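Shown next: structure06.txt, given as compact mmCIF, C-alpha atoms.
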```
# COMPACT_ATOMS: atom_id res chain seq x y z
CA ARG A 1 246.86 -113.80 24.01
CA ASP A 2 243.14 -114.14 23.47
CA ILE A 3 242.12 -110.64 24.58
CA SER A 4 238.51 -111.31 23.58
CA ARG A 5 237.98 -113.30 26.77
CA PRO A 6 236.44 -111.11 29.53
CA GLU A 7 239.00 -111.98 32.19
CA CYS A 8 241.90 -111.25 29.80
CA LEU A 9 240.29 -107.97 28.82
CA LEU A 10 239.86 -106.93 32.45
CA ILE A 11 243.44 -107.77 33.41
CA SER A 12 244.92 -106.11 30.32
CA MET A 13 242.86 -102.98 30.97
CA SER A 14 244.05 -102.97 34.60
CA LEU A 15 247.70 -103.25 33.56
CA ARG A 16 247.26 -100.33 31.17
CA TYR A 17 247.25 -97.87 34.09
CA LEU A 18 249.89 -99.51 36.22
CA LYS A 19 252.78 -97.19 35.27
CA ASN A 20 255.92 -98.69 36.80
CA GLN A 21 254.91 -99.12 40.44
CA PRO A 22 255.22 -102.70 41.77
CA ALA A 23 252.48 -102.12 44.35
CA ASN A 24 250.04 -101.27 41.57
CA LYS A 25 250.71 -104.51 39.74
CA ILE A 26 250.60 -106.85 42.72
CA VAL A 27 247.62 -105.26 44.48
CA THR A 28 245.58 -105.14 41.28
CA LEU A 29 246.39 -108.77 40.55
CA LEU A 30 245.33 -109.79 44.08
CA ILE A 31 242.08 -107.84 43.79
CA VAL A 32 241.23 -109.37 40.41
CA LEU A 33 242.05 -112.91 41.56
CA TRP A 34 239.99 -112.58 44.72
CA PHE A 35 236.89 -110.65 43.63
CA CYS A 36 236.58 -112.23 40.17
CA GLY A 37 237.79 -115.70 41.11
CA GLY A 38 238.23 -116.80 44.71
CA LEU A 39 235.08 -115.07 45.92
CA LEU A 40 232.96 -117.27 43.66
CA TRP A 41 233.97 -120.53 45.36
CA MET A 42 231.82 -121.84 48.21
CA LEU A 43 234.05 -123.94 50.45
CA PRO A 44 232.44 -126.62 52.65
CA ASN A 45 231.71 -125.36 56.16
CA HIS A 46 229.35 -125.77 59.11
CA GLY A 47 228.01 -122.23 59.17
CA SER A 48 228.61 -119.93 62.16
CA ALA A 49 230.18 -116.48 61.66
CA GLY A 50 233.44 -114.57 61.64
CA LEU A 51 236.64 -116.47 60.97
CA ALA A 52 234.77 -119.76 61.41
CA LEU A 53 233.67 -119.23 57.80
CA PRO A 54 236.47 -120.09 55.34
CA GLN A 55 235.48 -117.29 52.96
CA ASN A 56 235.97 -114.66 55.66
CA LEU A 57 239.32 -116.17 56.62
CA LEU A 58 240.48 -116.13 52.99
CA ALA A 59 239.32 -112.52 52.60
CA TRP A 60 241.51 -111.46 55.54
CA CYS A 61 244.42 -113.41 54.04
CA VAL A 62 244.04 -111.42 50.81
CA LEU A 63 243.88 -108.17 52.79
CA ALA A 64 247.01 -109.17 54.68
CA LEU A 65 248.84 -109.82 51.40
CA ILE A 66 247.71 -106.42 50.09
CA ALA A 67 248.93 -104.72 53.27
CA LEU A 68 252.28 -106.54 53.06
CA CYS A 69 252.70 -105.51 49.43
CA CYS A 70 251.91 -101.87 50.22
CA ALA A 71 254.26 -101.86 53.21
CA LEU A 72 257.15 -103.30 51.15
CA PHE A 73 256.71 -100.92 48.23
CA SER A 74 255.46 -97.88 50.09
CA PRO A 75 257.29 -94.69 49.02
CA ARG A 76 259.47 -93.01 51.63
CA TRP A 77 258.18 -89.50 51.02
CA LYS A 78 255.43 -88.05 53.14
CA VAL A 79 251.90 -88.13 51.81
CA ALA A 80 249.43 -85.26 52.11
CA TRP A 81 246.32 -87.05 53.34
CA PRO A 82 242.94 -85.77 52.16
CA LEU A 83 240.75 -84.16 54.80
CA SER A 84 238.47 -87.19 54.74
CA THR A 85 241.37 -89.30 56.03
CA TYR A 86 241.53 -87.42 59.32
CA LEU A 87 237.74 -87.48 59.64
CA ILE A 88 237.67 -91.26 59.22
CA ILE A 89 240.49 -91.74 61.76
CA ALA A 90 238.66 -89.49 64.23
CA GLY A 91 235.43 -91.40 63.61
CA ALA A 92 237.15 -94.75 64.18
CA ALA A 93 238.64 -93.44 67.44
CA LEU A 94 235.26 -92.23 68.70
CA TRP A 95 233.66 -95.49 67.57
CA SER A 96 236.23 -97.46 69.61
CA LEU A 97 236.04 -95.50 72.86
CA PRO A 98 233.04 -97.33 74.41
CA LEU A 99 235.19 -100.45 74.61
CA LEU A 100 237.08 -98.79 77.50
CA TRP A 101 234.08 -98.55 79.80
CA SER A 102 232.31 -101.84 79.14
CA PRO A 103 231.48 -102.94 82.71
CA LEU A 104 232.35 -106.63 82.22
CA ALA A 105 235.52 -108.16 80.83
CA ALA A 106 233.44 -110.78 78.99
CA TRP A 107 231.63 -108.00 77.15
CA GLN A 108 234.94 -106.40 76.20
CA TRP A 109 236.26 -109.68 74.79
CA ASN A 110 232.99 -110.05 72.86
CA ALA A 111 233.50 -106.66 71.19
CA LEU A 112 237.28 -106.62 70.79
CA PRO A 113 237.43 -108.52 67.43
CA LYS A 114 235.09 -105.95 65.84
CA VAL A 115 237.20 -103.03 67.05
CA LEU A 116 240.43 -104.68 65.88
CA ALA A 117 238.86 -105.44 62.50
CA LEU A 118 237.90 -101.79 62.07
CA TRP A 119 241.43 -100.55 62.81
CA GLY A 120 242.90 -103.25 60.60
CA LEU A 121 240.83 -101.98 57.69
CA VAL A 122 241.75 -98.37 58.45
CA GLY A 123 245.43 -99.31 58.47
CA ILE A 124 245.19 -101.19 55.17
CA TRP A 125 243.35 -98.25 53.61
CA LEU A 126 246.05 -95.78 54.73
CA LEU A 127 248.77 -98.04 53.32
CA MET A 128 246.98 -98.25 49.99
CA LEU A 129 246.53 -94.47 49.85
CA LYS A 130 250.24 -93.97 50.43
CA SER A 131 251.53 -96.71 48.17
CA ILE A 132 249.19 -96.26 45.22
CA PRO A 133 248.37 -92.58 44.62
CA CYS A 134 247.16 -93.17 41.04
CA HIS A 135 243.53 -92.05 40.68
CA ARG A 136 243.11 -93.99 37.43
CA MET A 137 244.11 -97.15 39.26
CA ARG A 138 241.38 -96.60 41.83
CA ARG A 139 238.85 -96.36 39.01
CA VAL A 140 240.06 -99.71 37.73
CA TRP A 141 239.50 -101.16 41.20
CA LEU A 142 235.95 -99.82 41.22
CA LEU A 143 235.39 -101.49 37.87
CA ILE A 144 236.67 -104.77 39.31
CA LEU A 145 234.05 -104.48 42.07
CA VAL A 146 231.37 -103.86 39.45
CA VAL A 147 232.46 -106.92 37.45
CA SER A 148 232.51 -108.97 40.64
CA ALA A 149 228.93 -107.89 41.43
CA LEU A 150 227.86 -108.89 37.90
CA LEU A 151 229.49 -112.29 38.43
CA GLN A 152 227.45 -112.67 41.62
CA VAL A 153 224.32 -111.84 39.60
CA GLY A 154 225.27 -114.69 37.26
CA PHE A 155 225.89 -116.96 40.27
CA ALA A 156 222.41 -116.12 41.58
CA VAL A 157 220.83 -116.87 38.19
CA VAL A 158 222.50 -120.29 38.22
CA GLN A 159 221.08 -120.91 41.69
CA LEU A 160 217.61 -119.92 40.49
CA SER A 161 217.81 -122.64 37.84
CA ASP A 162 217.63 -125.13 40.74
CA ILE A 163 215.29 -123.14 42.95
CA ALA A 164 213.55 -126.27 44.24
CA HIS A 165 216.70 -127.21 46.18
CA LEU A 166 217.64 -123.64 47.11
CA THR A 167 217.69 -123.02 50.88
CA GLY A 168 215.05 -120.42 51.71
CA GLY A 169 213.85 -120.24 48.11
CA ARG A 170 215.98 -117.15 47.34
CA PRO A 171 219.47 -116.92 45.82
CA TYR A 172 222.40 -116.03 48.06
CA GLY A 173 225.32 -116.14 45.63
CA SER A 174 228.53 -117.34 47.20
CA PHE A 175 227.82 -115.57 50.51
CA GLN A 176 225.43 -118.17 51.98
CA GLN A 177 223.07 -115.41 53.16
CA VAL A 178 220.56 -113.35 51.18
CA ASN A 179 221.19 -110.02 52.93
CA VAL A 180 224.97 -110.31 52.49
CA LEU A 181 224.55 -110.95 48.77
CA ALA A 182 222.16 -108.00 48.52
CA SER A 183 224.59 -105.70 50.35
CA PHE A 184 227.40 -106.71 48.00
CA LEU A 185 225.17 -106.12 44.98
CA ALA A 186 224.22 -102.71 46.36
CA THR A 187 227.92 -101.86 46.71
CA GLY A 188 228.56 -102.94 43.12
CA MET A 189 225.61 -100.88 41.89
CA VAL A 190 226.84 -97.73 43.65
CA CYS A 191 230.35 -98.25 42.22
CA ALA A 192 228.80 -98.66 38.77
CA LEU A 193 226.80 -95.46 39.21
CA TRP A 194 229.93 -93.53 40.24
CA LEU A 195 231.82 -94.79 37.18
CA PHE A 196 228.89 -94.04 34.87
CA LEU A 197 228.67 -90.46 36.16
CA ARG A 198 232.40 -89.70 36.40
CA THR A 199 234.16 -91.50 33.54
CA ARG A 200 234.08 -91.23 29.75
CA GLN A 201 236.00 -94.35 28.67
CA ARG A 202 233.69 -96.45 26.53
CA LEU A 203 234.50 -99.77 28.23
CA PHE A 204 233.90 -98.30 31.69
CA VAL A 205 230.61 -96.77 30.60
CA CYS A 206 229.35 -99.95 28.89
CA ILE A 207 230.11 -102.22 31.84
CA SER A 208 228.69 -99.78 34.40
CA ALA A 209 225.55 -99.24 32.30
CA THR A 210 225.02 -103.00 32.12
CA ALA A 211 225.41 -103.21 35.90
CA LEU A 212 222.92 -100.38 36.46
CA VAL A 213 220.26 -102.55 34.80
CA ALA A 214 221.24 -106.09 35.80
CA ILE A 215 221.99 -105.50 39.49
CA PRO A 216 218.66 -103.78 40.35
CA VAL A 217 216.84 -106.70 38.71
CA MET A 218 218.55 -109.18 41.04
CA LEU A 219 218.17 -106.85 44.06
CA VAL A 220 214.41 -106.95 43.53
CA LEU A 221 214.39 -110.72 43.10
CA VAL A 222 216.33 -111.42 46.32
CA GLN A 223 213.81 -109.22 48.20
CA SER A 224 216.26 -107.92 50.80
CA ARG A 225 215.30 -104.71 52.59
CA ALA A 226 218.88 -104.17 53.77
CA GLY A 227 220.25 -104.38 50.24
CA GLY A 228 217.46 -102.22 48.82
CA LEU A 229 217.95 -99.55 51.45
CA GLY A 230 221.71 -99.47 50.86
CA ALA A 231 221.29 -99.25 47.09
CA VAL A 232 218.71 -96.45 47.24
CA ALA A 233 220.65 -94.43 49.84
CA GLY A 234 223.94 -94.75 47.97
CA ALA A 235 222.35 -93.87 44.63
CA LEU A 236 220.67 -90.77 46.08
CA VAL A 237 223.95 -89.51 47.58
CA LEU A 238 225.80 -89.93 44.27
CA LEU A 239 223.03 -88.38 42.20
CA LEU A 240 222.84 -85.36 44.52
CA THR A 241 226.60 -84.81 44.25
CA ALA A 242 227.01 -85.69 40.57
CA GLY A 243 227.67 -82.13 39.45
CA LYS A 244 226.34 -80.42 36.36
CA ASN A 245 226.16 -83.35 33.94
CA ARG A 246 222.37 -83.47 33.88
CA ARG A 247 222.18 -85.63 30.76
CA ARG A 248 224.37 -88.37 32.23
CA MET A 249 222.34 -88.24 35.46
CA GLY A 250 219.14 -88.65 33.46
CA TYR A 251 220.52 -91.68 31.65
CA ALA A 252 221.62 -93.21 34.95
CA VAL A 253 218.17 -92.74 36.51
CA LEU A 254 216.50 -94.28 33.45
CA LEU A 255 218.82 -97.30 33.60
CA LEU A 256 218.17 -97.81 37.31
CA MET A 257 214.41 -97.46 36.84
CA ALA A 258 214.48 -99.88 33.91
CA GLY A 259 216.33 -102.45 36.01
CA ALA A 260 214.08 -102.04 39.04
CA GLY A 261 210.95 -102.11 36.87
CA ALA A 262 212.09 -105.26 35.08
CA GLY A 263 212.77 -106.85 38.44
CA VAL A 264 209.30 -106.02 39.77
CA LEU A 265 207.60 -107.34 36.62
CA THR A 266 209.69 -110.51 36.77
CA LEU A 267 208.92 -111.04 40.46
CA TYR A 268 205.16 -110.66 40.06
CA TYR A 269 204.56 -112.11 36.60
CA GLY A 270 207.63 -114.27 36.07
CA PRO A 271 206.19 -117.35 37.87
CA LEU A 272 203.40 -117.42 35.28
CA LEU A 273 205.82 -117.36 32.36
CA ILE A 274 208.75 -119.32 33.83
CA PRO A 275 207.38 -121.53 36.64
CA GLY A 276 209.94 -122.92 39.05
CA PHE A 277 212.57 -120.31 38.23
CA ILE A 278 211.42 -117.05 39.86
CA PRO A 279 211.42 -116.80 43.70
CA GLU A 280 208.05 -116.59 45.40
CA LEU A 281 206.99 -113.26 46.86
CA VAL A 282 208.13 -113.20 50.50
CA GLN A 283 205.52 -111.97 52.99
CA LYS A 284 207.25 -109.59 55.37
CA ASP A 285 204.40 -108.43 57.60
CA GLY A 286 205.51 -110.52 60.58
CA SER A 287 209.14 -109.68 59.97
CA ASN A 288 208.32 -105.97 59.87
CA VAL A 289 206.67 -106.22 63.31
CA GLN A 290 209.69 -108.07 64.71
CA ARG A 291 212.14 -105.51 63.32
CA TRP A 292 210.11 -102.63 64.66
CA TYR A 293 210.26 -104.31 68.08
CA LEU A 294 214.06 -104.54 67.75
CA ILE A 295 214.29 -100.87 66.75
CA THR A 296 212.01 -99.74 69.59
CA LEU A 297 213.98 -101.53 72.31
CA THR A 298 217.32 -100.50 70.81
CA TRP A 299 216.21 -96.87 70.78
CA GLN A 300 215.25 -97.20 74.45
CA LEU A 301 218.75 -98.49 75.25
CA ILE A 302 220.21 -95.48 73.43
CA LEU A 303 218.03 -93.09 75.41
CA ASN A 304 219.22 -94.63 78.67
CA HIS A 305 222.82 -93.53 77.89
CA PRO A 306 222.67 -91.23 74.84
CA PHE A 307 226.28 -89.96 74.97
CA ILE A 308 228.59 -92.69 76.28
CA GLY A 309 226.43 -95.73 75.51
CA ASN A 310 226.29 -98.93 77.54
CA GLY A 311 229.75 -100.24 76.62
CA TYR A 312 230.64 -102.54 73.76
CA GLY A 313 229.61 -106.16 73.91
CA SER A 314 226.67 -105.42 76.20
CA PHE A 315 223.86 -105.25 73.66
CA GLU A 316 222.73 -108.88 73.72
CA ALA A 317 222.54 -109.02 77.52
CA LEU A 318 220.87 -105.62 78.00
CA PHE A 319 218.42 -106.21 75.16
CA GLY A 320 217.43 -109.52 76.71
CA GLN A 321 216.82 -107.85 80.08
CA LEU A 322 214.75 -105.06 78.55
CA SER A 323 212.69 -107.47 76.46
CA GLN A 324 211.48 -109.14 79.66
CA GLN A 325 209.72 -105.88 80.56
CA VAL A 326 208.28 -105.05 77.11
CA PRO A 327 206.03 -107.56 75.30
CA PRO A 328 206.17 -109.78 73.29
CA GLY A 329 209.58 -110.55 74.81
CA MET A 330 212.21 -113.08 73.76
CA GLY A 331 209.56 -115.73 73.11
CA SER A 332 208.89 -114.05 69.75
CA THR A 333 210.85 -115.14 66.68
```
In structure tokens, write the structure found in this file.
Amino acid sequence: RDISRPECLLISMSLRYLKNQPANKIVTLLIVLWFCGGLLWMLPNHGSAGLALPQNLLAWCVLALIALCCALFSPRWKVAWPLSTYLIIAGAALWSLPLLWSPLAAWQWNALPKVLALWGLVGIWLLMLKSIPCHRMRRVWLLILVVSALLQVGFAVVQLSDIAHLTGGRPYGSFQQVNVLASFLATGMVCALWLFLRTRQRLFVCISATALVAIPVMLVLVQSRAGGLGAVAGALVLLLTAGKNRRRMGYAVLLLMAGAGAGVLTLYYGPLLIPGFIPELVQKDGSNVQRWYLITLTWQLILNHPFIGNGYGSFEALFGQLSQQVPPGMGST
């Protein structure tokens, strides 16, 4: 075996913590194959959303295989769930209740796939908690997410090499949408920060430190407010709960600042040094006005029914009605 190859090193490191549980082996293999392999392929499609996109359909197939594996190899003994488990189940139940009082059946059918998807994910999560109680294994999974995010950074760099033919002028990785790429990168960055603060294994620390620099650079270059907000919020939560290891926290902050600073310098001065490779600075003044309009009208809908809401699936219709009364209306982009 050529263990010097990155993919061989990642798989061998994953198998190191597998113990003798079949679920560990199969689930880890599925996660590695999907996040570090299948996720990088862009299959031909006509756009749209949901299961009309082949990548989403394949992702649910992988989740179904993981759930089947956990169900087959789930131990028979009872599991003491952490307190957070009951909080998440309660939150999912409260989140699903408005579906019951949507006034129109068409609105209910519009919202039903989202509710079913949420409960499907909750069920898969509970199966994985029961079948794979190994905490070390969960750290390996976090590392796989970090490596997958770094692979998406590499994918985006390849796209930047042909920026003239890049739709929208900004990289989108294999997700076909800038904000989705940025959200995935933010997730990978937060996982890397958790590993950097909580683990001492040299390989874990080196990979997470690399991610703490490389991912912020790409987050700045893609210029996504959603991704930036998620990355900053997640980093703040982890840093505030990191414990007493002040030195490691300081190193993490320096790495993040170095990555973000390098990204800003590249964005503003990169076009002078490497023309045709760095994305142009996106002007967001008009977009900011449009988003503030969305937030204002959405907040008004919340105030109309602050406790029970308007019923799932009703947002598009009610927002359209309210926009007719508040300028600039639906004629605005």
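Using only C-alpha atoms, the shortest contact distance between Ile215 in chain A and any of A:Leu68, A:Ala59, A:Cys191, A:Ile88 is found at A:Cys191.
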| message | From (224.1, -101.5, 48.8), in the file's coordinates, out to 7 Å: which residues are reached, counting all atoms listed in the file? Answer as a ChimeraX atom specification. | response | /A:182-187,190,227-231,234
Could those selected residues go to a file with C-alpha atoms, as a CSV table (one decimal), in the coordinates of the input?
```csv
chain,number,residue,atom,x,y,z
A,182,ALA,CA,222.2,-108.0,48.5
A,183,SER,CA,224.6,-105.7,50.4
A,184,PHE,CA,227.4,-106.7,48.0
A,185,LEU,CA,225.2,-106.1,45.0
A,186,ALA,CA,224.2,-102.7,46.4
A,187,THR,CA,227.9,-101.9,46.7
A,190,VAL,CA,226.8,-97.7,43.6
A,227,GLY,CA,220.2,-104.4,50.2
A,228,GLY,CA,217.5,-102.2,48.8
A,229,LEU,CA,218.0,-99.6,51.4
A,230,GLY,CA,221.7,-99.5,50.9
A,231,ALA,CA,221.3,-99.2,47.1
A,234,GLY,CA,223.9,-94.8,48.0
```
| query | Excluding same-chain residues fewer than 4 positions from range 298-311 of chain A, what lies within 9 Å of it counting all atoms listed in the file, as a ChimeraX atom specification? | reply | /A:97-104,107-108,293-294,315,318-319,322
| remark: Val147 in chain A proximity check over A:Ile132, A:Ala90, A:Leu127, A:Ala209, using all atoms listed in the file: winner is A:Ala209
| task | Pick out the closest residue to Arg248 in chain A from this set: A:Ile66, A:Ala233, A:Val282, A:Leu197. Count only C-alpha atoms. | result |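 With only C-alpha atoms as the atom set, the closest residue is A:Leu197.
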| Using only C-alpha atoms, which of the listed residues (A:Ala164, A:Ala214, A:Ala235, A:Leu83) sits closest to Gly276 in chain A? |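 Result for the nearest residue to Gly276 in chain A: A:Ala164.
Our summary of the geometry notes that CA of Leu121 in chain A is positioned 28.0 Å from CA of Ile207 in chain A.
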| note | Computed gap from CA of Leu193 in chain A to CA of Lys244 in chain A is 15.3 Å
| Between CA of Trp141 in chain A and CA of Leu63 in chain A - distance in Å to one decimal |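 Separation of CA of Leu63 in chain A and CA of Trp141 in chain A: 14.2 Å.
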| said: Ranking A:Pro275, A:Pro327, A:Pro216, A:Pro82 by minimum distance to Ala260 in chain A and counting only C-alpha atoms, which one comes first? | reply: A:Pro216
Could the centre and edge lengths of an axis-aligned box, enclosing all atoms of range 36-44 of chain A in the file with 3 Å extra on each side, be given in Å to one decimal as AutoDock Vina command-line options?
```
--center_x 235.0 --center_y -119.4 --center_z 46.4 --size_x 12.4 --size_y 20.4 --size_z 18.5
```
| note | The residue from A:Ala106, A:Val205, A:Leu273, A:Cys36 with the smallest atom-to-atom distance to Arg139 in chain A, counting all atoms listed in the file, is A:Val205
From the coordinates supplied, range 121-131 of chain A should be written with all heavy atoms, as an mmCIF file, in the first residue's frame.
```cif
data_model
loop_
_atom_site.group_PDB
_atom_site.id
_atom_site.type_symbol
_atom_site.label_atom_id
_atom_site.label_comp_id
_atom_site.auth_asym_id
_atom_site.auth_seq_id
_atom_site.Cartn_x
_atom_site.Cartn_y
_atom_site.Cartn_z
ATOM 1 N N LEU A 121 -33.635 13.253 8.654
ATOM 2 C CA LEU A 121 -32.301 13.532 9.174
ATOM 3 C C LEU A 121 -32.220 13.260 10.672
ATOM 4 O O LEU A 121 -31.215 12.736 11.167
ATOM 5 C CB LEU A 121 -31.923 14.977 8.875
ATOM 6 C CG LEU A 121 -31.659 15.297 7.398
ATOM 7 C CD1 LEU A 121 -31.460 16.789 7.211
ATOM 8 C CD2 LEU A 121 -30.440 14.548 6.896
ATOM 9 N N VAL A 122 -33.269 13.608 11.406
ATOM 10 C CA VAL A 122 -33.283 13.324 12.841
ATOM 11 C C VAL A 122 -33.207 11.818 13.078
ATOM 12 O O VAL A 122 -32.462 11.337 13.948
ATOM 13 C CB VAL A 122 -34.541 13.921 13.498
ATOM 14 C CG1 VAL A 122 -34.683 13.426 14.936
ATOM 15 C CG2 VAL A 122 -34.471 15.448 13.481
ATOM 16 N N GLY A 123 -33.970 11.048 12.296
ATOM 17 C CA GLY A 123 -33.947 9.595 12.448
ATOM 18 C C GLY A 123 -32.589 8.998 12.142
ATOM 19 O O GLY A 123 -32.094 8.119 12.869
ATOM 20 N N ILE A 124 -31.944 9.464 11.061
ATOM 21 C CA ILE A 124 -30.614 8.966 10.713
ATOM 22 C C ILE A 124 -29.617 9.318 11.813
ATOM 23 O O ILE A 124 -28.761 8.508 12.201
ATOM 24 C CB ILE A 124 -30.167 9.552 9.363
ATOM 25 C CG1 ILE A 124 -31.052 8.978 8.239
ATOM 26 C CG2 ILE A 124 -28.696 9.250 9.088
ATOM 27 C CD1 ILE A 124 -30.841 9.651 6.909
ATOM 28 N N TRP A 125 -29.719 10.507 12.360
ATOM 29 C CA TRP A 125 -28.818 10.942 13.425
ATOM 30 C C TRP A 125 -28.969 10.063 14.667
ATOM 31 O O TRP A 125 -27.980 9.647 15.282
ATOM 32 C CB TRP A 125 -29.092 12.403 13.746
ATOM 33 C CG TRP A 125 -28.204 12.963 14.818
ATOM 34 C CD1 TRP A 125 -26.839 13.048 14.796
ATOM 35 C CD2 TRP A 125 -28.627 13.502 16.065
ATOM 36 N NE1 TRP A 125 -26.382 13.622 15.953
ATOM 37 C CE2 TRP A 125 -27.463 13.913 16.753
ATOM 38 C CE3 TRP A 125 -29.860 13.691 16.665
ATOM 39 C CZ2 TRP A 125 -27.509 14.491 18.009
ATOM 40 C CZ3 TRP A 125 -29.899 14.280 17.910
ATOM 41 C CH2 TRP A 125 -28.741 14.675 18.578
ATOM 42 N N LEU A 126 -30.222 9.745 15.036
ATOM 43 C CA LEU A 126 -30.448 8.889 16.203
ATOM 44 C C LEU A 126 -29.894 7.485 15.974
ATOM 45 O O LEU A 126 -29.323 6.861 16.882
ATOM 46 C CB LEU A 126 -31.941 8.826 16.519
ATOM 47 C CG LEU A 126 -32.588 10.126 17.007
ATOM 48 C CD1 LEU A 126 -34.085 9.941 17.212
ATOM 49 C CD2 LEU A 126 -31.936 10.602 18.296
ATOM 50 N N LEU A 127 -30.061 6.966 14.756
ATOM 51 C CA LEU A 127 -29.508 5.649 14.445
ATOM 52 C C LEU A 127 -27.981 5.647 14.551
ATOM 53 O O LEU A 127 -27.382 4.702 15.072
ATOM 54 C CB LEU A 127 -29.924 5.234 13.034
ATOM 55 C CG LEU A 127 -31.316 4.611 12.866
ATOM 56 C CD1 LEU A 127 -31.633 4.442 11.393
ATOM 57 C CD2 LEU A 127 -31.397 3.275 13.590
ATOM 58 N N MET A 128 -27.353 6.717 14.076
ATOM 59 C CA MET A 128 -25.903 6.781 14.128
ATOM 60 C C MET A 128 -25.414 6.917 15.569
ATOM 61 O O MET A 128 -24.387 6.335 15.940
ATOM 62 C CB MET A 128 -25.401 7.946 13.280
ATOM 63 C CG MET A 128 -25.648 7.766 11.786
ATOM 64 S SD MET A 128 -25.069 9.154 10.779
ATOM 65 C CE MET A 128 -23.296 8.902 10.859
ATOM 66 N N LEU A 129 -26.143 7.658 16.398
ATOM 67 C CA LEU A 129 -25.763 7.771 17.810
ATOM 68 C C LEU A 129 -25.828 6.421 18.513
ATOM 69 O O LEU A 129 -24.972 6.090 19.338
ATOM 70 C CB LEU A 129 -26.686 8.762 18.522
ATOM 71 C CG LEU A 129 -26.407 10.250 18.343
ATOM 72 C CD1 LEU A 129 -27.430 11.072 19.121
ATOM 73 C CD2 LEU A 129 -25.002 10.623 18.786
ATOM 74 N N LYS A 130 -26.835 5.638 18.173
ATOM 75 C CA LYS A 130 -27.007 4.344 18.822
ATOM 76 C C LYS A 130 -26.031 3.305 18.298
ATOM 77 O O LYS A 130 -25.516 2.472 19.046
ATOM 78 C CB LYS A 130 -28.436 3.847 18.628
ATOM 79 C CG LYS A 130 -28.730 2.541 19.355
ATOM 80 C CD LYS A 130 -30.178 2.098 19.163
ATOM 81 C CE LYS A 130 -30.454 0.791 19.906
ATOM 82 N NZ LYS A 130 -31.823 0.309 19.692
ATOM 83 N N SER A 131 -25.767 3.331 17.026
ATOM 84 C CA SER A 131 -24.960 2.280 16.416
ATOM 85 C C SER A 131 -23.468 2.526 16.583
ATOM 86 O O SER A 131 -22.686 1.576 16.610
ATOM 87 C CB SER A 131 -25.279 2.176 14.916
ATOM 88 O OG SER A 131 -26.658 1.962 14.720
#
```
